[in-house]
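Read the structure below first, then the notes.
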Amino acid sequence: TERAPAARCVEASMKLKKQVTVCGAAIFCVAVFSLYLMLDRVQHDPTRHQNGGNFPRSQISVLQNRIEQLEQLLEENHEIISHIKDSVLELTANAEGPPAPLPYYTANGSWVVPPDPRPSFLSISPQDCQFALGDRHQKPELQMLTVSEELPFDNVDGGVWKQGFDISYSPHDWDAEALQVFVVPHSHNDPGWIKTFDKYYTEQTQHILNSMVSKLQEDPRRRFLWAEVSFFAKWWDNINAQKRAAVRRPKSVMGAGPVRPAHTGPGVLGLAGLGTGSLPHALCDSSTRLVGNGQLEIATGGWVMPDEANSHYFALIDQLIEGHQWLEKNLGAAPRSGWAVDPFGHSPTMPYLLRRANLTSVLIQRVHYAIKKHFAATHSLEFMWRQTWDSDSSTDILCHMMPFYSYDIPHTCGPDPKICCQFDFKRLPGGRINCPWKVPPRAVTEANVAERIRGPGGVCLQHRLSDSWAGVLQRGLCQAGYAWDPAPQDFRWARGFSHCRAALLLDQYRKKSRLFRSNVLLVPLGDDFRYDKPQEWDAQFLNYQRLFDFLNSQPDLHVQAQFGTLSDYFDALYKRTGVEPGARPPGFPVLSGDFFSYADREDHYWTGYYTSRPFYKSLDRVLEAHLRGAEILYSLAVAHARRSGLASQYPLSNFALLTEARRTLGLFQHHDAITGTAKEAVVVDYGVRLLRSLVSLKQVIIHAAHYLVLADKETYHFDPEAPFLQMDDTRLNHDALPERTVIQLESSPRYVVLFNPLDQERLSVVSLLVSSPRVRVLSEEGQPLAVQISAHWSSATDLVPDVYQVRRGPAGLGLDGHHALPSSVRVYLHGRQLSVSRHEAFPLRVIDSGTSDFALSNRYMQVWFSGLTGLLKSIRRVDEEQEQRVDMEFLIYGTRTSKDKSGAYLFLPDGEAQPYVPKEPPVLRVTEGPFFSEVVAYYEHVHQVVRLYNLPGVEGLSLDMASLVDIRDYVNKELALRIHTDIDSQATFFTDLNGFQVISRTLETPQSRTWTVFFASIPGTGGLGGGWSAHREIRDSFRLGSLGAQQCADALDLLAFAPQVQPRRYLKKLPLQANFYPMPVMAYIQDAQNRLTLHTAQALGVSSLRDGQLEVILDRRLMQDDNRGLGQGLKDNKRTCNRFRLLLERRAPSREVPDGPSASYPSLLSHLTSMHLNAPELALPVARRRLPGPGLRSFHPLASSLPCDLHLLNLRALQAQDDSLPSAETALILHRKGFDCGLEAKNLGFNCTTSQGKVALGSLFHGLDVGFLQPTSLTLLYPLASPSNSTDIYLEPMEIATFRLRLS
């Protein structure tokens, strides 16, 4: 009876060997046959035999290219066969016998973790590798990396247009085609900056919108532009039905919904792209409704006008969907054009998202003044903005760049702000604001419009002048208050003020129009919180209408001026150029790249806000992660409850909590919120909102997880006062780091539910704090698991009493120390007289004065640290003899001593960074154990943690790092972390944009006692595990958190990232501060052999100031304002945890680094590393008073893991007619990542594959059918195809696709 299981095991092993051998042989045969067909095709190419067998030079080139392609395919097939061989050997080894049950300690002093009994096989289709090779399309005329390299970035005085040049024109330029001018009244309302969101609304915004309703109704020629839906929604909730009726589209039209077809090209779903025809007649209904008749336009339609540097693309999409869904439901409106006048630099991610939402045009403003000047001189201020990977122009969107300094009225009518300010009628004498140029506006009246043109003393004068003298005289006389009639080659002067005003204004319009390629001109008319009083509405609209009436009544002026909206302007532009909306006007250039970093004048670069207030940048990501997890769990729980007929028992009202959290996250994407550039009181308001929504999301997650893990759903009972599950951390207030919940262990077991938010299986480490070091962790089957237990430290030398930690998937926790493996600890005091806490359960050695370097190692690498500083020095891969230098140091930047200093926006250092010199040497604590080892270096202002996991796969291939920063005693200093390597980065480094894509930058020489318990486990596929029931398809491990630095390293997050990477260059013609860029997710440097990637869990500023370096700013404390309107410095610093992963990859010998400024892509390993950093399992302890017994079981949301390159971005519950309840439909948002196959991918320890973008959605969700599936635009306003019975879809690399579906 004892031999039977062994016999069955051997038999199974032999069958497994045979199956793998047959499978490997079959794949090998297919690969060889494919190569044969390709070779045969080359040999029989008919072009080889033309011209009587004589090969022209072009044909020789074609043949050479084909030979190179064949060699590349041979190499790829060789790699595939190598992978098969490795996997066969691994399968065979694992099938020959069970692994050792416990990690063991070797004689040389290192821990060995038994191999995972299941194999890891990574299969990448060669077709999936072609994408990252690039150069599949024609290069755009304007590539921003090239433009930045070629521009001199000088700052020559341009005259009245200080940052530009003198503009001239001939009066005959418009004889053939009149100038068409659209003046666009607008009010930019910041949802928090100097005042809080609510205070702005109460004191200003509600008055703007109330006046809008009455003032627009007074004259149908009036127009108004609005952007911030967050304010509009709050106003909407507080107005009466009469005002609502005056604004919204007629109900008969609203019911139809926006049905304008969207042009998407083949990139999204592999479907034929629909056209971009005009809106249906219903949307253009000329009723008295302000939206319906086009008087009011909501541009962009997002919840806010978001920051484009620090925001993650999940949050950008979410706030866009929230705004668009609100507009459709309440106004029946669908935004057509984008409006981004105030973000501090612009990312190509935003126009991509707008295009996928079916917008066809966008306007931007804050671009480096030298780039604006260059684009103006080359008539390139309007261009088609195209994504770097786009091969068929499906991502093109028409972009209008405003040419001058600001979006305020003095800088929008033309190049001379002194003149333009005279046409800002809010500044009429007697008001609260005036013109800085000391020439005030004057009201336009019927009398002076009609006044005869007379010279001094009432005498009419006429004289013939040359065109050049006429221009000089015109400007001089008008500025002196005399009128000018620009009839050809003669002048007339008079004290006719309005006539002169019209001539001055027309002169500015004409000059501005000479910077563009068409005779359609856009003139914004507004500023921050404008039109908040009825008097301003009257002053602007009445005076401008009189000017328009006069200009339009003079045929010889060849001008037609009117009020308009942004879409009015773009529609006229498309009509003038003879193309359909969204198409490329003839002669307009194509541009790719971004507009970072931004400078508004001199060397004042807005690169400080990439890091300002990093605590809240981190909290933003925590909320974002919880929102994604809550959305997915809530949608699945509701679908299963409805399927079981138990919807009435489930708290559907939690949808209101989701809505509040969506809007809170959206609000914080505002360009003065996540940027860290608001007043201190406003920052507190944001923080309170973030924490309140975080707590609400924890409740949504708890309720959904409880329902999903119940074996018998009939037993579910919703009790908000006594929840079945608890969260494993809490925050005392909005500016506190999280504190882990301690699980109190007693004689009866405790249970924990885990949620893996990733799309794929994982093997990782998870932490739980427990109250006893005598802990036993059980699997679902009740089998004991090995755990690592470690002391938990409150400081460098003090233990926290009576707290311990456990790591494992769904498992019971009991009192038993049989499988608890203690870690050993060494403390280096470096001569400091300190007392070190001890505990009998943990070996501890104190070293008073040791300075020798030491190493930690796992199965992949050996990592060396400085015995003096405790910081990283080098990494050696186990299969290499040569160490790779990876040397870390901390640095300090000061600020200038001149008038202009660093502040919340600006980074103005006083020179190169200086080494951080602590007052005392750091205390080092080195912990070693079977599942993880770590080094903690305690400095005065930063605690640095570097952790090495002794696990196979993603966790073991990178270094987990955390920096707990506290610089509250600094004065005008910034703390930076710099990494030195020997990588020959060739003056180039790469940063991501919004976690979505990556861009290149180029570099030149610049002008209570606590213990921690770890254990390994095997849970289930992307799902929830009940307390005692085992996961069989997902692998994970547990680790307990701690206070201080260790607490920081264990902070919980759920979000997964998938960027394409942007190249960057450090330009020596620019100052140091100009060469910092935003890093929301990652940055890397590389050469022909290696790539070093720094992954981050929060947005920070990054640069590479020398070859082989990466440098990140950790925190900033600045005592003064930087004169950009805030009026405060940055003095409210918090203890902040910055979390990173450091990944060193080796480039495959056959793979070359792509040349040129094209986009770069992370490897699949890099993508998964980022997801592991940002999305550890969520641990939910079962409440102490609850004994679940056998009623829990694992829940698997996905029937199988998604392909490695596919990311489930969101599963978003949609709103029903009742705002507080979900509808029967759900939004599924998928993103296919672009990745680089050129980095080695052998034995990486994750077992997912790629599928060439093909996914079967019908079988995606375990236990649920997809009863309805319809592809839509990004924000669900436009259907891209009719609902279909087919649920098989296809995504191109980098594309994001949205589906409306019903789970049943």
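Quick note on naming: the chains in the structure tokens go A, B, ... in the order shown, residues restart at 1 in each chain, and ligands are numbered from 1 in order of appearance.
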Looking only at the backbone, which of the residues in stretch 671-824 of chain A does DSSP tag as strand (DSSP E or B), as a short mmCIF file (atom, residue, chain, number, x, y, z; two decimals) with all heavy atoms, in the first residue's frame?
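Here's the written file result04.cif:
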```
data_model
loop_
_atom_site.label_atom_id
_atom_site.label_comp_id
_atom_site.auth_asym_id
_atom_site.auth_seq_id
_atom_site.Cartn_x
_atom_site.Cartn_y
_atom_site.Cartn_z
N LEU A 710 -17.40 32.87 -0.47
CA LEU A 710 -18.37 31.99 0.19
C LEU A 710 -18.72 30.82 -0.73
O LEU A 710 -19.08 31.02 -1.90
CB LEU A 710 -19.64 32.76 0.54
CG LEU A 710 -19.57 33.69 1.76
CD1 LEU A 710 -20.88 34.44 1.92
CD2 LEU A 710 -19.23 32.91 3.02
N LEU A 725 -14.58 40.53 6.89
CA LEU A 725 -13.14 40.66 6.63
C LEU A 725 -12.65 42.02 7.13
O LEU A 725 -13.42 42.96 7.28
CB LEU A 725 -12.85 40.52 5.14
CG LEU A 725 -13.22 39.19 4.49
CD1 LEU A 725 -13.04 39.26 2.99
CD2 LEU A 725 -12.39 38.05 5.07
N ASP A 729 -4.17 47.11 6.89
CA ASP A 729 -3.47 48.32 7.31
C ASP A 729 -4.47 49.45 7.51
O ASP A 729 -5.60 49.41 7.03
CB ASP A 729 -2.36 48.72 6.33
CG ASP A 729 -2.89 49.24 5.00
OD1 ASP A 729 -4.11 49.41 4.86
OD2 ASP A 729 -2.08 49.47 4.09
N THR A 730 -4.05 50.44 8.26
CA THR A 730 -4.85 51.63 8.52
C THR A 730 -3.94 52.85 8.50
O THR A 730 -2.72 52.73 8.69
CB THR A 730 -5.57 51.55 9.89
OG1 THR A 730 -4.58 51.38 10.92
CG2 THR A 730 -6.55 50.40 9.92
N GLU A 739 -0.18 51.79 8.90
CA GLU A 739 0.24 50.90 9.98
C GLU A 739 -0.44 49.55 9.78
O GLU A 739 -1.67 49.47 9.64
CB GLU A 739 -0.14 51.49 11.34
CG GLU A 739 0.58 52.79 11.66
CD GLU A 739 0.23 53.30 13.04
OE1 GLU A 739 -0.50 52.59 13.77
OE2 GLU A 739 0.68 54.40 13.40
N ARG A 740 0.36 48.48 9.78
CA ARG A 740 -0.17 47.16 9.51
C ARG A 740 -0.98 46.65 10.70
O ARG A 740 -0.63 46.86 11.86
CB ARG A 740 0.96 46.19 9.20
CG ARG A 740 1.85 46.61 8.04
CD ARG A 740 1.08 46.69 6.75
NE ARG A 740 0.54 45.41 6.36
CZ ARG A 740 1.21 44.52 5.61
NH1 ARG A 740 2.41 44.79 5.17
NH2 ARG A 740 0.64 43.38 5.30
N VAL A 742 -2.20 44.01 13.32
CA VAL A 742 -1.62 42.85 13.97
C VAL A 742 -2.71 41.81 14.20
O VAL A 742 -3.73 42.09 14.82
CB VAL A 742 -0.97 43.23 15.32
CG1 VAL A 742 -0.39 42.00 16.01
CG2 VAL A 742 0.11 44.29 15.11
N ILE A 743 -2.51 40.61 13.68
CA ILE A 743 -3.46 39.52 13.86
C ILE A 743 -3.17 38.84 15.19
O ILE A 743 -2.09 38.29 15.40
CB ILE A 743 -3.35 38.52 12.70
CG1 ILE A 743 -3.64 39.23 11.37
CG2 ILE A 743 -4.30 37.34 12.90
CD1 ILE A 743 -3.43 38.35 10.16
N ARG A 750 -6.70 31.51 12.93
CA ARG A 750 -7.16 32.71 12.21
C ARG A 750 -7.01 32.46 10.72
O ARG A 750 -6.17 31.69 10.28
CB ARG A 750 -6.33 33.94 12.61
CG ARG A 750 -6.46 34.33 14.06
CD ARG A 750 -7.84 34.85 14.40
NE ARG A 750 -8.23 35.99 13.57
CZ ARG A 750 -7.91 37.26 13.84
NH1 ARG A 750 -7.21 37.55 14.92
NH2 ARG A 750 -8.30 38.23 13.05
N TYR A 751 -7.84 33.14 9.92
CA TYR A 751 -7.87 32.91 8.49
C TYR A 751 -7.61 34.21 7.75
O TYR A 751 -7.94 35.29 8.24
CB TYR A 751 -9.23 32.32 8.08
CG TYR A 751 -9.52 31.00 8.74
CD1 TYR A 751 -10.09 30.95 10.01
CD2 TYR A 751 -9.19 29.81 8.10
CE1 TYR A 751 -10.35 29.74 10.63
CE2 TYR A 751 -9.44 28.60 8.72
CZ TYR A 751 -10.02 28.57 9.98
OH TYR A 751 -10.26 27.37 10.59
N VAL A 752 -7.05 34.07 6.56
CA VAL A 752 -6.72 35.23 5.73
C VAL A 752 -7.15 34.94 4.30
O VAL A 752 -6.92 33.85 3.77
CB VAL A 752 -5.20 35.53 5.76
CG1 VAL A 752 -4.88 36.71 4.85
CG2 VAL A 752 -4.75 35.81 7.17
N VAL A 753 -7.79 35.92 3.68
CA VAL A 753 -8.16 35.85 2.26
C VAL A 753 -7.19 36.74 1.48
O VAL A 753 -6.90 37.86 1.89
CB VAL A 753 -9.61 36.33 2.06
CG1 VAL A 753 -9.94 36.40 0.58
CG2 VAL A 753 -10.57 35.40 2.78
N LEU A 754 -6.72 36.25 0.34
CA LEU A 754 -5.79 37.00 -0.50
C LEU A 754 -6.42 37.31 -1.85
O LEU A 754 -7.12 36.49 -2.42
CB LEU A 754 -4.51 36.20 -0.74
CG LEU A 754 -3.64 35.90 0.46
CD1 LEU A 754 -2.45 35.06 0.04
CD2 LEU A 754 -3.19 37.19 1.11
N PHE A 755 -6.13 38.50 -2.34
CA PHE A 755 -6.55 38.88 -3.69
C PHE A 755 -5.32 39.22 -4.51
O PHE A 755 -4.56 40.11 -4.17
CB PHE A 755 -7.49 40.09 -3.62
CG PHE A 755 -7.82 40.68 -4.97
CD1 PHE A 755 -8.23 39.88 -6.03
CD2 PHE A 755 -7.71 42.03 -5.17
CE1 PHE A 755 -8.53 40.43 -7.26
CE2 PHE A 755 -8.01 42.60 -6.40
CZ PHE A 755 -8.42 41.80 -7.44
N LEU A 768 2.18 39.57 6.80
CA LEU A 768 1.14 39.71 7.82
C LEU A 768 1.82 39.86 9.18
O LEU A 768 2.80 39.17 9.46
CB LEU A 768 0.22 38.49 7.85
CG LEU A 768 -0.61 38.19 6.61
CD1 LEU A 768 -1.32 36.86 6.78
CD2 LEU A 768 -1.60 39.30 6.35
N LEU A 769 1.30 40.72 10.01
CA LEU A 769 1.79 40.86 11.37
C LEU A 769 0.94 39.99 12.30
O LEU A 769 -0.29 40.02 12.21
CB LEU A 769 1.72 42.31 11.84
CG LEU A 769 2.70 43.29 11.20
CD1 LEU A 769 2.40 44.69 11.69
CD2 LEU A 769 4.13 42.91 11.49
N VAL A 770 1.62 39.25 13.17
CA VAL A 770 0.91 38.38 14.13
C VAL A 770 1.46 38.66 15.52
O VAL A 770 2.48 39.31 15.70
CB VAL A 770 1.08 36.89 13.76
CG1 VAL A 770 0.39 36.60 12.44
CG2 VAL A 770 2.55 36.52 13.71
N ARG A 776 2.25 28.86 13.11
CA ARG A 776 2.18 27.80 12.12
C ARG A 776 1.27 28.28 10.99
O ARG A 776 0.19 28.80 11.24
CB ARG A 776 1.63 26.51 12.71
CG ARG A 776 1.53 25.37 11.70
CD ARG A 776 1.09 24.09 12.34
NE ARG A 776 -0.22 24.22 12.99
CZ ARG A 776 -0.92 23.18 13.42
NH1 ARG A 776 -0.43 21.96 13.33
NH2 ARG A 776 -2.10 23.37 14.00
N VAL A 777 1.71 28.08 9.76
CA VAL A 777 0.94 28.49 8.59
C VAL A 777 0.54 27.23 7.85
O VAL A 777 1.38 26.39 7.52
CB VAL A 777 1.76 29.41 7.67
CG1 VAL A 777 0.91 29.86 6.49
CG2 VAL A 777 2.25 30.62 8.44
N LEU A 778 -0.76 27.12 7.55
CA LEU A 778 -1.30 25.93 6.91
C LEU A 778 -1.79 26.26 5.51
O LEU A 778 -2.33 27.34 5.27
CB LEU A 778 -2.45 25.35 7.74
CG LEU A 778 -2.16 25.05 9.20
CD1 LEU A 778 -3.41 24.53 9.90
CD2 LEU A 778 -1.02 24.05 9.33
N PRO A 784 1.23 22.00 6.79
CA PRO A 784 2.07 23.10 7.30
C PRO A 784 3.02 23.60 6.23
O PRO A 784 3.53 22.84 5.41
CB PRO A 784 2.82 22.47 8.48
CG PRO A 784 2.82 21.01 8.19
CD PRO A 784 1.54 20.72 7.47
N LEU A 785 3.26 24.91 6.23
CA LEU A 785 4.13 25.56 5.25
C LEU A 785 5.32 26.17 5.96
O LEU A 785 5.23 26.61 7.10
CB LEU A 785 3.37 26.65 4.51
CG LEU A 785 2.13 26.19 3.73
CD1 LEU A 785 1.35 27.40 3.27
CD2 LEU A 785 2.53 25.33 2.56
N VAL A 787 7.87 29.04 6.82
CA VAL A 787 7.81 30.49 6.88
C VAL A 787 9.13 31.02 7.41
O VAL A 787 9.87 30.32 8.09
CB VAL A 787 6.66 30.98 7.78
CG1 VAL A 787 5.32 30.50 7.27
CG2 VAL A 787 6.88 30.52 9.21
N GLN A 788 9.39 32.25 7.06
CA GLN A 788 10.56 32.94 7.62
C GLN A 788 10.05 33.94 8.65
O GLN A 788 9.18 34.75 8.36
CB GLN A 788 11.36 33.66 6.54
CG GLN A 788 12.52 34.45 7.09
CD GLN A 788 13.32 35.12 5.99
OE1 GLN A 788 13.33 34.65 4.85
NE2 GLN A 788 13.99 36.22 6.32
N ILE A 789 10.59 33.87 9.83
CA ILE A 789 10.19 34.80 10.88
C ILE A 789 11.37 35.68 11.23
O ILE A 789 12.50 35.21 11.37
CB ILE A 789 9.68 34.03 12.13
CG1 ILE A 789 9.17 35.01 13.18
CG2 ILE A 789 10.73 33.10 12.68
CD1 ILE A 789 8.40 34.34 14.28
N SER A 790 11.10 36.98 11.33
CA SER A 790 12.17 37.94 11.57
C SER A 790 11.72 38.96 12.59
O SER A 790 10.52 39.23 12.74
CB SER A 790 12.55 38.67 10.28
OG SER A 790 12.95 37.76 9.29
N ALA A 791 12.65 39.54 13.28
CA ALA A 791 12.32 40.61 14.23
C ALA A 791 11.81 41.83 13.48
O ALA A 791 12.23 42.12 12.36
CB ALA A 791 13.56 40.97 15.05
N HIS A 792 10.92 42.51 14.13
CA HIS A 792 10.34 43.72 13.55
C HIS A 792 10.87 44.92 14.32
O HIS A 792 10.76 44.97 15.55
CB HIS A 792 8.82 43.64 13.66
CG HIS A 792 8.10 44.70 12.88
ND1 HIS A 792 8.28 44.90 11.55
CD2 HIS A 792 7.19 45.63 13.30
CE1 HIS A 792 7.51 45.90 11.14
NE2 HIS A 792 6.84 46.35 12.19
N TRP A 793 11.45 45.88 13.62
CA TRP A 793 12.20 46.95 14.26
C TRP A 793 11.48 48.27 14.16
O TRP A 793 10.96 48.64 13.10
CB TRP A 793 13.59 47.07 13.61
CG TRP A 793 14.39 45.80 13.68
CD1 TRP A 793 14.27 44.71 12.86
CD2 TRP A 793 15.40 45.48 14.62
NE1 TRP A 793 15.17 43.74 13.23
CE2 TRP A 793 15.88 44.18 14.31
CE3 TRP A 793 15.97 46.17 15.71
CZ2 TRP A 793 16.88 43.55 15.02
CZ3 TRP A 793 16.98 45.55 16.42
CH2 TRP A 793 17.42 44.26 16.08
N LEU A 799 13.55 46.81 18.91
CA LEU A 799 12.49 45.93 18.45
C LEU A 799 11.14 46.44 18.91
O LEU A 799 11.03 47.11 19.94
CB LEU A 799 12.70 44.52 19.00
CG LEU A 799 13.98 43.79 18.59
CD1 LEU A 799 14.08 42.47 19.34
CD2 LEU A 799 14.00 43.56 17.10
N VAL A 803 4.82 41.69 18.40
CA VAL A 803 4.24 41.68 17.06
C VAL A 803 5.16 40.88 16.15
O VAL A 803 6.37 41.01 16.20
CB VAL A 803 4.06 43.11 16.51
CG1 VAL A 803 3.41 43.08 15.14
CG2 VAL A 803 3.24 43.97 17.46
N TYR A 804 4.54 40.03 15.29
CA TYR A 804 5.29 39.14 14.41
C TYR A 804 4.59 39.13 13.05
O TYR A 804 3.47 39.63 12.92
CB TYR A 804 5.35 37.74 15.00
CG TYR A 804 5.75 37.74 16.45
CD1 TYR A 804 4.79 37.99 17.45
CD2 TYR A 804 7.06 37.54 16.84
CE1 TYR A 804 5.14 38.03 18.77
CE2 TYR A 804 7.42 37.58 18.17
CZ TYR A 804 6.46 37.83 19.14
OH TYR A 804 6.82 37.87 20.46
N GLN A 805 5.19 38.48 12.08
CA GLN A 805 4.59 38.53 10.77
C GLN A 805 4.60 37.18 10.05
O GLN A 805 5.51 36.39 10.21
CB GLN A 805 5.32 39.54 9.88
CG GLN A 805 4.61 39.72 8.56
CD GLN A 805 5.04 40.97 7.85
OE1 GLN A 805 5.79 41.76 8.39
NE2 GLN A 805 4.56 41.16 6.66
N VAL A 806 3.55 36.95 9.21
CA VAL A 806 3.41 35.69 8.48
C VAL A 806 3.19 35.98 7.01
O VAL A 806 2.52 36.94 6.67
CB VAL A 806 2.21 34.88 9.03
CG1 VAL A 806 2.03 33.59 8.26
CG2 VAL A 806 2.41 34.61 10.50
N ARG A 807 3.69 35.07 6.15
CA ARG A 807 3.50 35.22 4.71
C ARG A 807 3.06 33.91 4.11
O ARG A 807 3.73 32.91 4.25
CB ARG A 807 4.79 35.66 4.04
CG ARG A 807 5.15 37.08 4.38
CD ARG A 807 6.32 37.53 3.54
NE ARG A 807 6.61 38.92 3.77
CZ ARG A 807 6.10 39.88 3.03
NH1 ARG A 807 5.29 39.61 2.05
NH2 ARG A 807 6.40 41.13 3.29
N GLY A 812 -4.51 29.01 7.12
CA GLY A 812 -4.85 29.20 8.52
C GLY A 812 -3.62 29.51 9.33
O GLY A 812 -2.54 28.98 9.07
N LEU A 813 -3.76 30.35 10.33
CA LEU A 813 -2.65 30.72 11.19
C LEU A 813 -2.89 30.14 12.58
O LEU A 813 -3.92 30.40 13.19
CB LEU A 813 -2.51 32.24 11.27
CG LEU A 813 -2.40 33.00 9.95
CD1 LEU A 813 -2.30 34.48 10.21
CD2 LEU A 813 -1.20 32.51 9.17
N GLY A 814 -1.94 29.37 13.07
CA GLY A 814 -2.08 28.78 14.39
C GLY A 814 -0.81 28.91 15.20
O GLY A 814 0.19 29.41 14.72
N ALA A 820 8.62 27.33 11.31
CA ALA A 820 9.05 28.72 11.31
C ALA A 820 10.57 28.78 11.32
O ALA A 820 11.22 28.32 12.26
CB ALA A 820 8.49 29.44 12.54
N LEU A 821 11.14 29.31 10.25
CA LEU A 821 12.59 29.37 10.10
C LEU A 821 13.06 30.77 10.47
O LEU A 821 12.72 31.75 9.79
CB LEU A 821 12.98 29.04 8.65
CG LEU A 821 12.46 27.69 8.15
CD1 LEU A 821 12.78 27.54 6.67
CD2 LEU A 821 13.09 26.56 8.95
N PRO A 822 13.82 30.91 11.54
CA PRO A 822 14.23 32.26 11.97
C PRO A 822 15.30 32.81 11.05
O PRO A 822 16.10 32.08 10.45
CB PRO A 822 14.78 32.02 13.37
CG PRO A 822 15.25 30.59 13.35
CD PRO A 822 14.30 29.85 12.45
N SER A 824 18.62 35.41 10.58
CA SER A 824 19.75 35.91 11.38
C SER A 824 19.95 37.38 11.11
O SER A 824 19.66 37.88 10.01
CB SER A 824 21.02 35.13 11.05
OG SER A 824 21.38 35.32 9.69
#
```
TODO: Identify, on the basis of only C-alpha atoms, every residue whose closest approach to A:Ala637 does not exceed 10 Å; exclude the query and any residue fewer than 4 positions from it along the same chain; express the result as a PyMOL selection string.
DONE: chain A and resi 631-633+641-643+647+650-652+701+703-709+1197
- [ ] Could you tell me which of A:Thr1298, A:His941, A:Tyr905, A:Ile1229 comes closest to A:Pro922 if we count only C-alpha atoms?
- [x]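 Residue with the minimum atom-to-atom distance to A:Pro922: A:His941.
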Task: Minimum-distance residue to A:Trp303, chosen among A:Ser230, A:Gln242, A:Thr1096, A:Asn358 (using only C-alpha atoms) - done: A:Ser230
Task: Given only C-alpha atoms as the counted atoms, nearest of A:Val683, A:Ala377, A:Ala1213, A:Val181 to A:Leu658 - done: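 Under the stated criterion, the closest residue is A:Ala1213.
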TODO: Could you give me, as a ChimeraX atom specification, the residues within 12 Å of A:Gly430, counting only C-alpha atoms and dropping anything in the same chain fewer than 5 positions from it?
DONE: /A:425,435,440-442
TODO: Choose the residue, out of A:Leu547, A:Arg221, A:Arg289, A:Lys511, that has the smallest atom-to-atom separation from A:Tyr169; count only C-alpha atoms.
DONE: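 Closest candidate: A:Lys511.
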Task: Contacts of stretch 685-691 of chain A within 12 Å, only C-alpha atoms, excl. fewer than 3 positions in-chain, as a ChimeraX atom specification - done: /A:191-199,613,615-624,626-627,660-670,672-682,694-698,730-738
Task: Residue contacts of stretch 398-415 of chain A (7 Å, only C-alpha atoms) excluding same-chain residues fewer than 2 positions away, as a ChimeraX atom specification - done: /A:160-161,341,360-365,372,376,381-385,396,417-418,420-421,424,508-509,511-512,523-527,582,600
Open item on the list: Please determine, counting only C-alpha atoms, which residue among A:Arg845, A:Arg1147, A:His980, A:Arg244 has the shortest atom-to-atom distance to A:Ser823.
Closed with: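 Checking each of A:Arg845, A:Arg1147, A:His980, A:Arg244 against A:Ser823, counting only C-alpha atoms, the winner is A:Arg845.
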Open item on the list: So, with only C-alpha atoms as the atoms that count, which of A:Met1119, A:Leu1142, A:Cys1137, A:Val846 lies closest to A:His943?
Closed with: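 When distances to A:His943 are compared using only C-alpha atoms, the smallest one comes from A:Cys1137.
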Per residue of stretch 590-662 of chain A within 10 Å of stretch 1250-1269 of chain A, which atom pair is closest and at what distance in Å (one decimal), using only C-alpha atoms, listed by chain and increasing number, as a tab-separated table?
```
residue	atom	partner	partner_atom	distance
A:Leu636	CA	A:Phe1261	CA	8.9
A:Ala639	CA	A:Leu1264	CA	7.8
A:His640	CA	A:Leu1264	CA	7.5
A:Arg643	CA	A:Leu1264	CA	8.3
```
Task: Atomic separation - atom CA of A:Glu580 relative to atom CA of A:Leu1277, Å - done: 20.4 Å
- [ ] Return as a ChimeraX atom specification the full set of residues in stretch 565-737 of chain A whose backbone-based DSSP assignment is helix (DSSP H, G or I).
- [x] /A:566-577,608-610,614-643,654-668,680-709,713-715
TODO: Would you mind listing what lies within 9 Å of A:Phe314 as a PyMOL selection string, with only C-alpha atoms counted and same-chain residues fewer than 5 positions away left out?
DONE: chain A and resi 319+624+628+994-996+1055+1057+1209-1210
